[in-house]
Amino acid sequence: MVEMNSRKAAIIGCGFVGSASAFSLMESHLFSEIVLIDADKDRAEGEALDISHGLPFSKPMQIYAGTYQDISDAAVVIVTAGAGQKPGETRLDLVKKNVAIFKSIIPEVAKYNRSGILLIVANPVDILTYVAKQLSGYPSNRVFGSGTVLDTARLKYMLGEHLGVDSRSIHAFIIGEHGDSEIAAWSSANVSGVPLFKFCNMRGHFHEEETSRRIAEEVKNSAYEIIKRKKATYYGIAMSVKRICEAIVRDEKSILPVSSIQNSEKINGVALSMPAIVGKHGVEGQVPIELSDEERAALQRSADTLKAVLNDVLEEE
Ligand SMILES: NC(=O)C1=CN([C@@H]2O[C@H](COP(=O)(O)OP(=O)(O)OC[C@H]3O[C@@H](n4cnc5c(N)ncnc54)[C@H](O)[C@@H]3O)[C@@H](O)[C@H]2O)C=CC1
Ligand SMILES: CC(=O)C(=O)O
């Protein structure tokens with residue numbers, strides 16, 4: 001059995017998202033070794049050289065283009081390989097292309113790396129998380145997706161701007177699909193313990209229903225708006241990847257809305273985001289936050305949407 005190196009990560013797919021994640025992880029000093037793999041080997045080599053040239057301004061580490069053999073002891077394997085959305089495309093539109101790519105990648109990962117954590121980022125992330133779990137044979141706690149960690153950051157950012165407070169003091173989650181059926185869990189949202197809508201009133205905002213609807217729509221449509229302007233999103237997700245890796249490497253037991261396979265009575269056999277405890281073993285527990293009846297129904301619809309897409313994928317096998 002290969003001994004895992006908790007300071008080693010691998011990134012598979014070195015396009016916009018993979019390279020931005022590699023840069024963010026280099027700056028974080030979390031890892032002493034990062035292996036980059038891409039079907040386009042030149043791309044992986046170019047990114048490794050470019051990032052390495054910044055190391056004299058950072059801290060020593062090894063970052064290099066490698067092969068699947070090189071990832072055998074990587075504690076975290078981050079998969080960003082796959083097509084991105086073109087303007088107007090939804091994440092779910094990518095499913096066929098990216099499931100095919102995963103069928104070539106995940107068995108290779110599982111062949112060489114038996115005990116690492118698989119962090120899925122490519123879209124549609126919830127579907128690919130489920131597919132990666134099936135293809136790898138890893139236990140569920142060690143295969144999860146970045147899910148709505150990015151959407152939740154977008155929500156906190158927008159609320160922070162609206163209310164004129166530090167976005168880190170806002171406790172609110174986007175749950176469900178990382179995509180069009182996602183849900184803002186307003187009923188549990190608060191600002192340092194003060195219920196969100198009460199806090200809005202304290203800050204002189206009295207149209208909370210209308211504003212919350214607008215902000216939830218803006219969060220949901222963020223990726224479309226960015227892709228329309230610059231063809232891809234990558235900095236926000238790169239920082240989300242760094243945040244998830246921090247929780248794993250430092251065994252923080254942080255509560256993050258990652259996408260993992262659900263096992264509740266009503267929602268099961270599908271991966272979606274709910275707040276979960278993330279530490280060195282990956283997803284170490286689910287945190288079933290309180291939801292209103294409306295939010296619960298929307299979560300069920302989100303799960304049903306994902307399950308329908310997943311069933312199509314599984315039927316084609
Ligand atoms: N989960 C999230 O919040 C986010 C997910 N994404 C998703 O991340 C994925 C990547 O996006 P970008 O980096 O913008 O795309 P990109 O096209 O810039 O990069 C994709 C890379 O994957 C590589 N690749 C393709 N097939 C491969 C294979 N079989 N093995 C190894 N490498 C392979 C390509 O050569 C390319 O370098 C997309 O699916 C996108 O939708 C993007 C932003 C946020
Ligand atoms: C592309 C994508 O999934 C995002 O930026 O949310």
# chains A, B, ... in the order shown; residues from 1 in each chain; ligands from 1
call {"tool": "select_by_dssp", "arguments": {"residues": "stretch 17-236 of chain A", "states": "strand (DSSP E)", "output": "tab-separated table (two decimals) with C-alpha atoms, in the first residue's frame"}}
result
chain	number	residue	atom	x	y	z
A	33	GLU	CA	4.00	19.10	-4.36
A	34	ILE	CA	1.41	19.53	-7.13
A	35	VAL	CA	1.25	17.30	-10.21
A	36	LEU	CA	-0.48	18.72	-13.28
A	37	ILE	CA	-2.01	16.38	-15.89
A	62	GLN	CA	7.43	21.29	-6.57
A	63	ILE	CA	4.87	21.87	-9.32
A	64	TYR	CA	5.31	19.81	-12.45
A	65	ALA	CA	3.55	18.18	-15.40
A	74	ALA	CA	-1.49	12.43	-3.78
A	75	ALA	CA	-3.84	13.10	-0.84
A	76	VAL	CA	-6.17	15.17	-3.03
A	77	VAL	CA	-6.90	14.67	-6.74
A	78	ILE	CA	-8.79	17.61	-8.25
A	79	VAL	CA	-10.59	16.93	-11.54
A	117	ILE	CA	-9.75	12.25	-1.95
A	118	LEU	CA	-11.33	12.93	-5.37
A	119	LEU	CA	-12.52	16.51	-5.60
A	120	ILE	CA	-14.69	16.98	-8.69
A	143	VAL	CA	-15.56	11.51	-3.66
A	144	PHE	CA	-17.27	14.87	-3.57
A	145	GLY	CA	-17.75	17.93	-5.72
A	170	ILE	CA	-22.88	36.31	6.64
A	171	HIS	CA	-23.99	32.73	7.23
A	174	ILE	CA	-27.03	27.87	-1.62
A	175	ILE	CA	-28.07	24.21	-1.69
A	183	ILE	CA	-31.96	27.07	-3.90
A	184	ALA	CA	-31.04	29.95	-1.58
A	190	ASN	CA	-28.21	35.06	9.42
A	191	VAL	CA	-25.62	37.75	9.96
A	194	VAL	CA	-29.13	37.90	13.71
A	195	PRO	CA	-31.77	36.45	11.31
call {"tool": "residues_around", "arguments": {"residues": "A:Leu299", "least_positions_apart": "6", "cutoff": "9 Å", "atoms": "only C-alpha atoms", "output": "ChimeraX atom specification"}}
result
/A:175-177,181-183,267
call {"tool": "write_last_selection", "arguments": {"atoms": "N, CA and C atoms", "output": "mmCIF file, in the first residue's frame"}}
result
data_model
loop_
_atom_site.group_PDB
_atom_site.id
_atom_site.type_symbol
_atom_site.label_atom_id
_atom_site.label_comp_id
_atom_site.auth_asym_id
_atom_site.auth_seq_id
_atom_site.Cartn_x
_atom_site.Cartn_y
_atom_site.Cartn_z
ATOM 1 N N ILE A 175 -28.055 25.674 -1.770
ATOM 2 C CA ILE A 175 -28.067 24.210 -1.690
ATOM 3 C C ILE A 175 -28.659 23.612 -2.976
ATOM 4 N N GLY A 176 -28.555 22.286 -3.108
ATOM 5 C CA GLY A 176 -29.128 21.606 -4.270
ATOM 6 C C GLY A 176 -28.142 21.493 -5.409
ATOM 7 N N GLU A 177 -28.656 21.615 -6.624
ATOM 8 C CA GLU A 177 -27.810 21.514 -7.829
ATOM 9 C C GLU A 177 -26.868 22.715 -7.914
ATOM 10 N N SER A 181 -31.378 24.773 -10.930
ATOM 11 C CA SER A 181 -32.408 24.459 -9.924
ATOM 12 C C SER A 181 -31.914 24.696 -8.494
ATOM 13 N N GLU A 182 -30.785 25.403 -8.356
ATOM 14 C CA GLU A 182 -30.251 25.628 -6.993
ATOM 15 C C GLU A 182 -31.204 26.483 -6.154
ATOM 16 N N ILE A 183 -31.029 26.393 -4.821
ATOM 17 C CA ILE A 183 -31.955 27.067 -3.898
ATOM 18 C C ILE A 183 -31.160 27.906 -2.899
ATOM 19 N N ILE A 267 -34.311 11.924 -0.363
ATOM 20 C CA ILE A 267 -33.325 12.244 -1.412
ATOM 21 C C ILE A 267 -32.159 11.275 -1.275
#
call {"tool": "closest_atom_pairs", "arguments": {"of": "chain A", "to": "ligand 1", "cutoff": "6 Å", "atoms": "only C-alpha atoms and all ligand atoms", "output": "CSV"}}
result
residue,atom,partner,partner_atom_place_in_ligand_line,distance
A:Ile12,CA,ligand 1,31 (C),5.6
A:Gly13,CA,ligand 1,22 (O),3.9
A:Cys14,CA,ligand 1,37 (O),4.6
A:Gly15,CA,ligand 1,19 (O),3.2
A:Phe16,CA,ligand 1,13 (O),3.7
A:Val17,CA,ligand 1,13 (O),3.7
A:Gly18,CA,ligand 1,13 (O),5.6
A:Asp38,CA,ligand 1,32 (N),3.7
A:Ala39,CA,ligand 1,31 (C),4.0
A:Asp40,CA,ligand 1,35 (O),4.9
A:Thr80,CA,ligand 1,9 (C),4.9
A:Ala81,CA,ligand 1,22 (O),3.5
A:Gly82,CA,ligand 1,39 (O),4.5
A:Ala83,CA,ligand 1,39 (O),4.7
A:Gly84,CA,ligand 1,38 (C),3.7
A:Gln85,CA,ligand 1,41 (O),5.4
A:Ile101,CA,ligand 1,29 (N),4.8
A:Ser104,CA,ligand 1,29 (N),5.8
A:Ile105,CA,ligand 1,29 (N),5.7
A:Val121,CA,ligand 1,1 (N),4.2
A:Ala122,CA,ligand 1,8 (O),3.7
A:Asn123,CA,ligand 1,39 (O),4.0
A:Val125,CA,ligand 1,1 (N),5.5
A:Ser146,CA,ligand 1,1 (N),5.6
A:Leu150,CA,ligand 1,3 (O),5.7
A:Ala232,CA,ligand 1,14 (O),5.2
A:Thr233,CA,ligand 1,43 (C),5.0
A:Tyr234,CA,ligand 1,43 (C),5.4
A:Ile237,CA,ligand 1,44 (C),5.1
call {"tool": "closest_residue", "arguments": {"among": "A:Val258, A:Val249, A:Ile51, A:Leu92", "to": "A:Asn5", "atoms": "only C-alpha atoms"}}
result
A:Val249
call {"tool": "closest_residue", "arguments": {"among": "A:Gly236, A:Pro60, A:Gly204, A:Pro87", "to": "ligand 2", "atoms": "only C-alpha atoms and all ligand atoms"}}
result
A:Gly236
call {"tool": "residues_around", "arguments": {"residues": "A:Ser292", "least_positions_apart": "6", "cutoff": "9 Å", "atoms": "only C-alpha atoms", "output": "VMD selection string"}}
result
chain A and resid 185 to 188
call {"tool": "atom_distance", "arguments": {"atom1": "atom CA of A:Thr90", "atom2": "atom 2 (C, counted along the ligand's line) of ligand 2"}}
result
9.3 Å
call {"tool": "atom_distance", "arguments": {"atom1": "atom CA of A:Asn201", "atom2": "atom CA of A:Ala223"}}
result
29.7 Å
call {"tool": "decode", "arguments": {"residues": "stretch 193-226 of chain A", "atoms": "C-alpha atoms", "output": "short mmCIF file (atom, residue, chain, number, x, y, z; two decimals), in the first residue's frame"}}
result
data_model
loop_
_atom_site.label_atom_id
_atom_site.label_comp_id
_atom_site.auth_asym_id
_atom_site.auth_seq_id
_atom_site.Cartn_x
_atom_site.Cartn_y
_atom_site.Cartn_z
CA GLY A 193 -26.58 35.20 14.65
CA VAL A 194 -29.13 37.90 13.71
CA PRO A 195 -31.77 36.45 11.31
CA LEU A 196 -31.01 37.83 7.85
CA PHE A 197 -34.25 39.68 7.21
CA LYS A 198 -34.16 41.24 10.70
CA PHE A 199 -30.62 42.38 9.94
CA CYS A 200 -31.82 43.88 6.61
CA ASN A 201 -34.38 45.97 8.54
CA MET A 202 -31.67 47.05 11.01
CA ARG A 203 -29.69 48.35 8.03
CA GLY A 204 -32.68 50.24 6.63
CA HIS A 205 -33.72 47.73 3.95
CA PHE A 206 -37.43 46.88 4.02
CA HIS A 207 -38.11 45.11 0.70
CA GLU A 208 -36.55 41.81 1.72
CA GLU A 209 -38.80 39.55 -0.36
CA GLU A 210 -38.16 41.40 -3.61
CA THR A 211 -34.44 41.86 -2.85
CA SER A 212 -33.89 38.24 -1.84
CA ARG A 213 -35.55 37.06 -5.04
CA ARG A 214 -33.35 39.39 -7.11
CA ILE A 215 -30.14 38.34 -5.34
CA ALA A 216 -30.93 34.61 -5.66
CA GLU A 217 -31.50 35.12 -9.43
CA GLU A 218 -28.23 37.07 -9.76
CA VAL A 219 -26.33 34.32 -7.94
CA LYS A 220 -27.89 31.64 -10.16
CA ASN A 221 -27.11 33.58 -13.33
CA SER A 222 -23.57 34.65 -12.34
CA ALA A 223 -21.80 32.08 -14.49
CA TYR A 224 -23.95 32.97 -17.56
CA GLU A 225 -23.14 36.66 -17.10
CA ILE A 226 -19.38 36.05 -16.72
#
